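K.L.:
Have a look at this one.
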Amino acid sequence: MNSFVKSKFVKKILCKKLLLASSLFLMVMNLVGCAGNVKPEAEPVVIEKSVPVPTPEVQEPAKPVEPVIPEAVPQTRAPIPAASSNATASLVSQARAQYQAKNYQGAIATAERALRIDRRVPDVYLILAQSYIQLANTQVALQFVQQGIRYAQAGTDLAQTLMQVRDSLQK
Amino acid sequence: MTKRRFLSRGKKSPDSGSFHVNWKLVLLLFAGLALLCTLILGVWSLYLDKVVREKFEGKKWALPARVYSRPLELYEGLPLTPVLFEKELEALGYRSAATVTTSGQMSRRAASSQEVTYDVLTRGFDFWDKREESQRFTVRIDSGKIASLMDAKGAALPLVRMEPEEIGGIYPNNIEDRVLVKLDQLPPLLGETLLAVEDKHFLEHHGVSPEAILRAMWVNARQGEVVQGGSTLTQQLVKNFYLTSEQTMTRKIPEAIMSVLLELHYSKSEILEAYINEVYLGRSGSREIHGFGLAAQHYFRKPVHELNRQEIALLVGLVKGASFYNPWRNPERAKNRRNLVLDVMHQENLIDDKQLKLAQAAPLGLAAETDNSLINYPAFVDLVKRQLKQDYKEEDLRAEGLRIFTTIAPMVQRLAENAVATRIARLEKQYKIKELQVGMVVTSVGSGEILALIGDKNPRYPGLNRALDARRQIGSLMKPFVYLTALDQPQTYNLGTLISDDPISIKGGDGKMWEPKNADNKSHGNMPLYRALAYSENQATVRLGMQVTVKEVIKTVKDAGYTGEIPQVPSILIGAVDMSPLEVTGLYHTLAAEGVYTPLHAIREVLNAEGQPLKRYPIELDQRFSMQSTFELQHALQAVLREGTGRSVYNSFPESLPLAGKTGTTNDQRDSWFAGFSGEHLAVVWVGKDDNAKTPLSGASGALQVWADLMRQLPTQGVNQQAPEGVSFDWIDANTGLLSAEQCEGAMWLPLHNDFKPKESVECKIKQNSGAEHWWQKIF
């Protein structure tokens, strides 16, 4: 709000879009006269080539993969409750929301933030696995789901879910 | 006759008839000339018009790629100390204040040196996934970690993501640097002041101001040289943007034409926006500071919207001559200039009497002058560039304004630099040696992200990057892979399995006998595997390696992530392989991450200049070794530091912090290595000489010391002590490898594979003197 554009001054500028007649242009040129062939000393003629930059990665949902992906995730905690559990829980629910909104790249990025904080939270691996399944990258999904199983407490709903996903991927 | 007439005509007043003919000719000539002039002028103007539009409409400037650190994520439980947090805030340009009112400020309340509470108002930042808005929070750090994190209303916050630190750029040879600012991001006062000082009639004129030109011409004519310009802001822009800075009359003409053309095609706001980004405002070494966005960073280390009145006045004052008024070199001159600008601001009613007085009395308030190096962390940025070059062309990196988000944690990097600089100097003095060198890599465990990288004992020196390019024999750093190969066969080996340390000789392919010796030139009889590793015995290790086969050991090293070639010869079992510190880090990361291979990486995301994501470098995992065998191996690597070759470190570490690692020393002590980790951080250090000469250093007396200096300062969490499924601890007799019990002599507490524990028990001989507790008893 405190911006320059919003100031009365620039409003004045913006309204004052100049449309100078070409006569003014010619007038100035005549004023300058036939002053000879002065060239700009820099070499501004060079047209800057626009260098192609790799195009942004497309967030392609790709072909949905057969296996059942349980959507409801039991919020079971890791065997070692970490002090950082508030932070990871908040990121997990954020990633979950992104996943539901079909923003799989976003879900992966958010889950990775959680992973950097605590790599022993199995929920994170489940989201990563499910997101990679949606992106049709089953190989990577399998790695994450196996990692999740590693950290999930045996016998919990989460462990069960992870194993279901693994089994369906291995089929 | 004709001749006479002609002559007489020459002398007398011209004959009307022949005069008529010549006049016509002259007129024709003039007309032709005028036509030619107009044509030339027309063509020239068209050409200039093309020049003006092409450069203004295209990408105006080549923008170097900007490299950012990882953002610090704050949450309850994060290991952190007040000192480290304050360093981080300082590096981000936060200012201390009694009460926090604007972004970029923090206030501090200390209950003790251990317990400090901070109020912080962040600046907000556009990350690749979303914008983090400016936010006020209160964080309490107590006993080495964040005890609470709250928002302004006192409600608990799960997480705060700070802004990342800008750690450098990827520059072209001609280094013109700028941070683009849009007009609506410019503080109104800065815009108003700029016009008041540089071009009062900017809104009224059409690119040139004849009145100003006449005044300048008059002054210049009197002086006999060009001393004054009657330039409008538009002309200044044209001069800097399209032409060279040489002041000649011939340049003035295209400048005037182009200024009018520019005004014809573009609005005042577009011209002003280009100006505020183009204007030259200083120099740092070989890097030119252009535009108010970068100037605010350069002089005050803050974004442009945080500038106060006197800071705005100084920057506007610098337009007249950034070198002449350089506030670091000529503080008095700069202050006078600033105060002059403040007077103008006052005359134009931009500030009132009181504000003028306060601002003129204020000090310059400059940030510390940055050193002339373009990049703070040259070794790390070097690695980033190498990784980027696989995906981007060099010219894109230098011109496209890419924003590179990396993994470096400046907090860790600074600690590592400090550890390296002081310890290497100390070692040189202590051992009276010169020209020691060092390479060091620190990663987080699990994500494989590189947090710090050092390529020289003077860490800011951008020379040979030893962390990446010094490939040296790794010596005993190879041994854990021999033991891991064995532990991956749990039916045959566990940490209590006995192995003979007697002399061993192996016939090489050339028929010669190879007889590796222990470091102390002694043999130690039968010993349990874990102890042979902890004490780094060569004879026992080679014997074990031959049992599991060299081929299998090589496979283990490759599974751990090594991509180079390893000759299939027995000498590799004790490290006759060259690797760089970075390669070693890759291998040890797999050990630290419980057998999961993750490619090390230095980049998280790349965005284009508009903030659109171009590429992510996601975390990848691959389970290469079982949790069981790596847990057992980690236990043996902890024994290295508790009782083995690295035991000196616990003189200065708390017993309760489990750490693991391995020392490495090569022939004649040419290389001193240490690779070690906590549950969160892995660091690998090489110390030696560039010419591969002998040193008096072992792994423990050289590299381990650097490593310990870092780990002592770094808030971290210990190695995981919870055995995975399928593994449990039990008592093993050191002399027989059979089951034992707690009170029995020679009993060791070791993690064992449940399915393959020894079946038989040793006859227990109760310990006579219970003695001191063993290290494993202290941590369980």
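Just so we're on the same page: first chain in the structure tokens is A, next is B, and so on; residues restart at 1 for each chain, and ligands are numbered from 1 in the order they show up.
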Using only C-alpha atoms, which protein or nucleic acid residues come within 12 Å of Lys558 of chain B? Drop anything in the same chain fewer than 3 positions from it, and give the result as a list in words.

P.N.:
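My list of contacting residues is Met478, Phe481, Thr485, Lys551, Glu552, Val553, Ile554, Lys555, Gly561, Tyr562, Thr563, Gly564, Glu565, Ile566, Glu583, Val584, Gly586, Leu587, Tyr588, Thr590, Tyr597, Arg624 and Phe625 of chain B.
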
K.L.:
Pull N, CA and C atoms from the residues just selected and write them as a PDB file, in the first residue's frame.

P.N.:
```pdb
ATOM      1  N   MET B 478      38.186 -47.558   4.118  1.00  0.00           N
ATOM      2  CA  MET B 478      37.601 -48.655   3.361  1.00  0.00           C
ATOM      3  C   MET B 478      37.085 -49.767   4.274  1.00  0.00           C
ATOM      4  N   PHE B 481      33.474 -51.205   4.952  1.00  0.00           N
ATOM      5  CA  PHE B 481      32.785 -51.910   3.868  1.00  0.00           C
ATOM      6  C   PHE B 481      33.165 -53.385   3.836  1.00  0.00           C
ATOM      7  N   THR B 485      30.234 -56.139   4.508  1.00  0.00           N
ATOM      8  CA  THR B 485      30.081 -57.306   3.632  1.00  0.00           C
ATOM      9  C   THR B 485      29.918 -58.571   4.487  1.00  0.00           C
ATOM     10  N   LYS B 551      35.911 -59.430  -4.342  1.00  0.00           N
ATOM     11  CA  LYS B 551      34.840 -59.096  -5.283  1.00  0.00           C
ATOM     12  C   LYS B 551      33.590 -58.625  -4.544  1.00  0.00           C
ATOM     13  N   GLU B 552      33.257 -59.327  -3.461  1.00  0.00           N
ATOM     14  CA  GLU B 552      32.060 -58.951  -2.694  1.00  0.00           C
ATOM     15  C   GLU B 552      32.249 -57.608  -1.999  1.00  0.00           C
ATOM     16  N   VAL B 553      33.485 -57.362  -1.539  1.00  0.00           N
ATOM     17  CA  VAL B 553      33.742 -56.067  -0.886  1.00  0.00           C
ATOM     18  C   VAL B 553      33.573 -54.936  -1.896  1.00  0.00           C
ATOM     19  N   ILE B 554      34.077 -55.155  -3.102  1.00  0.00           N
ATOM     20  CA  ILE B 554      33.923 -54.125  -4.146  1.00  0.00           C
ATOM     21  C   ILE B 554      32.440 -53.894  -4.432  1.00  0.00           C
ATOM     22  N   LYS B 555      31.686 -54.980  -4.430  1.00  0.00           N
ATOM     23  CA  LYS B 555      30.249 -54.844  -4.674  1.00  0.00           C
ATOM     24  C   LYS B 555      29.604 -54.001  -3.559  1.00  0.00           C
ATOM     25  N   GLY B 561      27.348 -46.620  -3.203  1.00  0.00           N
ATOM     26  CA  GLY B 561      27.218 -45.414  -4.019  1.00  0.00           C
ATOM     27  C   GLY B 561      28.429 -45.026  -4.834  1.00  0.00           C
ATOM     28  N   TYR B 562      29.517 -45.805  -4.766  1.00  0.00           N
ATOM     29  CA  TYR B 562      30.709 -45.439  -5.533  1.00  0.00           C
ATOM     30  C   TYR B 562      30.539 -45.830  -6.988  1.00  0.00           C
ATOM     31  N   THR B 563      30.850 -44.883  -7.884  1.00  0.00           N
ATOM     32  CA  THR B 563      30.632 -45.166  -9.308  1.00  0.00           C
ATOM     33  C   THR B 563      31.933 -45.363 -10.075  1.00  0.00           C
ATOM     34  N   GLY B 564      33.074 -45.128  -9.408  1.00  0.00           N
ATOM     35  CA  GLY B 564      34.359 -45.275 -10.096  1.00  0.00           C
ATOM     36  C   GLY B 564      34.798 -46.735 -10.205  1.00  0.00           C
ATOM     37  N   GLU B 565      35.978 -46.908 -10.752  1.00  0.00           N
ATOM     38  CA  GLU B 565      36.523 -48.252 -10.915  1.00  0.00           C
ATOM     39  C   GLU B 565      37.361 -48.627  -9.692  1.00  0.00           C
ATOM     40  N   ILE B 566      37.261 -49.879  -9.284  1.00  0.00           N
ATOM     41  CA  ILE B 566      38.120 -50.364  -8.201  1.00  0.00           C
ATOM     42  C   ILE B 566      38.804 -51.628  -8.710  1.00  0.00           C
ATOM     43  N   GLU B 583      33.327 -38.036  -2.654  1.00  0.00           N
ATOM     44  CA  GLU B 583      32.982 -39.435  -2.947  1.00  0.00           C
ATOM     45  C   GLU B 583      32.893 -40.257  -1.664  1.00  0.00           C
ATOM     46  N   VAL B 584      33.850 -40.015  -0.761  1.00  0.00           N
ATOM     47  CA  VAL B 584      33.824 -40.732   0.520  1.00  0.00           C
ATOM     48  C   VAL B 584      32.534 -40.395   1.259  1.00  0.00           C
ATOM     49  N   GLY B 586      29.685 -39.632   0.024  1.00  0.00           N
ATOM     50  CA  GLY B 586      28.584 -40.379  -0.590  1.00  0.00           C
ATOM     51  C   GLY B 586      28.477 -41.786  -0.016  1.00  0.00           C
ATOM     52  N   LEU B 587      29.629 -42.456   0.130  1.00  0.00           N
ATOM     53  CA  LEU B 587      29.642 -43.825   0.661  1.00  0.00           C
ATOM     54  C   LEU B 587      29.212 -43.853   2.131  1.00  0.00           C
ATOM     55  N   TYR B 588      29.769 -42.937   2.904  1.00  0.00           N
ATOM     56  CA  TYR B 588      29.463 -42.949   4.333  1.00  0.00           C
ATOM     57  C   TYR B 588      28.032 -42.493   4.616  1.00  0.00           C
ATOM     58  N   THR B 590      25.516 -43.559   3.084  1.00  0.00           N
ATOM     59  CA  THR B 590      24.735 -44.799   3.065  1.00  0.00           C
ATOM     60  C   THR B 590      24.859 -45.537   4.399  1.00  0.00           C
ATOM     61  N   TYR B 597      20.786 -45.767   0.258  1.00  0.00           N
ATOM     62  CA  TYR B 597      21.601 -44.925  -0.610  1.00  0.00           C
ATOM     63  C   TYR B 597      20.778 -43.729  -1.083  1.00  0.00           C
ATOM     64  N   ARG B 624      19.904 -50.195   0.088  1.00  0.00           N
ATOM     65  CA  ARG B 624      20.968 -51.029  -0.472  1.00  0.00           C
ATOM     66  C   ARG B 624      21.451 -52.107   0.510  1.00  0.00           C
ATOM     67  N   PHE B 625      21.300 -51.815   1.812  1.00  0.00           N
ATOM     68  CA  PHE B 625      21.746 -52.791   2.818  1.00  0.00           C
ATOM     69  C   PHE B 625      20.640 -52.961   3.844  1.00  0.00           C
TER      70      PHE B 625
END
```

K.L.:
Only residues of chain B matter here; which ones have an atom within 8 Å of chain A, counting only C-alpha atoms? Give them as a ChimeraX atom specification.

P.N.:
/B:37-38,41,51,54-55,58-59,75-78,129,158-159,183-189,191-192,203,242-244,250-251,253-254,257,260-261,263-269,392,395-396,400,446-447,612-615,618-623

K.L.:
Using only C-alpha atoms, find the one residue out of B:Glu655, B:Glu515, B:Glu73, B:Glu632 that sits nearest to Tyr530 of chain B.

P.N.:
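Looking at the shortest contact to Tyr530 of chain B, the residue is B:Glu632.
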
K.L.:
Apply DSSP to the structure's backbone, then extract all residues of segment 74-241 of chain B labelled alpha helix (DSSP H) and return them as a VMD selection string.

P.N.:
chain B and resid 82 to 91 188 to 198 210 to 223 233 to 241

K.L.:
Any chance you can output those residues with C-alpha atoms as a tab-separated table (two decimals), in the first residue's frame?

P.N.:
```
chain	number	residue	atom	x	y	z
B	82	PRO	CA	21.41	-18.37	20.78
B	83	VAL	CA	24.82	-17.65	19.26
B	84	LEU	CA	24.06	-19.58	16.07
B	85	PHE	CA	20.58	-18.11	15.73
B	86	GLU	CA	21.88	-14.58	16.12
B	87	LYS	CA	24.61	-15.19	13.53
B	88	GLU	CA	21.94	-16.41	11.13
B	89	LEU	CA	19.80	-13.31	11.72
B	90	GLU	CA	22.81	-11.08	11.31
B	91	ALA	CA	23.71	-12.69	7.99
B	188	PRO	CA	7.36	6.61	-2.74
B	189	LEU	CA	9.85	8.79	-0.91
B	190	LEU	CA	12.72	7.35	-2.93
B	191	GLY	CA	10.96	8.04	-6.21
B	192	GLU	CA	9.96	11.56	-5.21
B	193	THR	CA	13.46	12.36	-3.96
B	194	LEU	CA	15.10	11.01	-7.08
B	195	LEU	CA	13.01	13.27	-9.29
B	196	ALA	CA	13.45	16.26	-7.01
B	197	VAL	CA	17.21	15.91	-7.20
B	198	GLU	CA	17.85	14.61	-10.70
B	210	PRO	CA	15.75	22.69	-24.11
B	211	GLU	CA	15.93	25.08	-21.20
B	212	ALA	CA	18.36	22.82	-19.35
B	213	ILE	CA	20.39	22.23	-22.51
B	214	LEU	CA	20.77	25.95	-23.16
B	215	ARG	CA	21.91	26.49	-19.60
B	216	ALA	CA	24.47	23.69	-19.95
B	217	MET	CA	25.67	24.94	-23.32
B	218	TRP	CA	26.24	28.40	-21.88
B	219	VAL	CA	28.27	26.97	-19.01
B	220	ASN	CA	30.23	24.67	-21.29
B	221	ALA	CA	30.98	27.42	-23.80
B	222	ARG	CA	32.35	29.62	-21.06
B	223	GLN	CA	34.51	26.84	-19.70
B	233	LEU	CA	16.39	11.52	-16.42
B	234	THR	CA	15.37	10.07	-19.78
B	235	GLN	CA	18.61	11.22	-21.35
B	236	GLN	CA	20.59	9.76	-18.48
B	237	LEU	CA	18.84	6.47	-19.05
B	238	VAL	CA	19.54	6.59	-22.77
B	239	LYS	CA	23.15	7.44	-22.13
B	240	ASN	CA	23.69	4.52	-19.77
B	241	PHE	CA	21.40	2.05	-21.38
```

K.L.:
Between atom CA of Gly317 of chain B and atom CA of Ile276 of chain B, what is the distance, to one decimal in Å?

P.N.:
13.3 Å

K.L.:
So what do you get for atom CA of Ser131 of chain A versus atom CA of Tyr99 of chain A, distance-wise?

P.N.:
6.8 Å

K.L.:
Excluding Val100 of chain B and any residue of its chain fewer than 5 positions from it, enumerate the residues within 10 Å of it, using only C-alpha atoms, and give them as a ChimeraX atom specification.

P.N.:
/B:95,105-108,118-121,136

K.L.:
Skipping near chain neighbours, those fewer than 3 positions away, what residues fall within 6 Å of Val341 of chain B using only C-alpha atoms, listed as a PyMOL selection string?

P.N.:
chain B and resi 313+338+344

K.L.:
Quick one: write out the picked residues with N, CA and C atoms as a short mmCIF file (atom, residue, chain, number, x, y, z; two decimals), in the first residue's frame?

P.N.:
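Ended up saving to out19.cif:
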```cif
data_model
loop_
_atom_site.label_atom_id
_atom_site.label_comp_id
_atom_site.auth_asym_id
_atom_site.auth_seq_id
_atom_site.Cartn_x
_atom_site.Cartn_y
_atom_site.Cartn_z
N ALA B 313 18.21 9.17 1.08
CA ALA B 313 18.94 10.38 0.67
C ALA B 313 20.35 10.02 0.21
N ARG B 338 24.64 13.53 1.29
CA ARG B 338 23.36 13.02 1.80
C ARG B 338 22.55 14.16 2.41
N VAL B 344 17.08 19.16 -0.01
CA VAL B 344 16.18 19.20 -1.17
C VAL B 344 14.84 18.56 -0.81
#
```

K.L.:
DSSP on the backbone: which residues in segment 589-697 of chain B end up as strand (DSSP E)? Give the answer as a VMD selection string.

P.N.:
chain B and resid 596 to 597 603 to 607 613 to 616 622 to 623 660 to 665 671 to 677 681 to 688

K.L.:
Have a look at atom CA of Asp352 of chain B and atom CA of Arg301 of chain B and let me know their distance in Å, one decimal.

P.N.:
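About the pair atom CA of Asp352 of chain B and atom CA of Arg301 of chain B: they are 26.9 Å apart.
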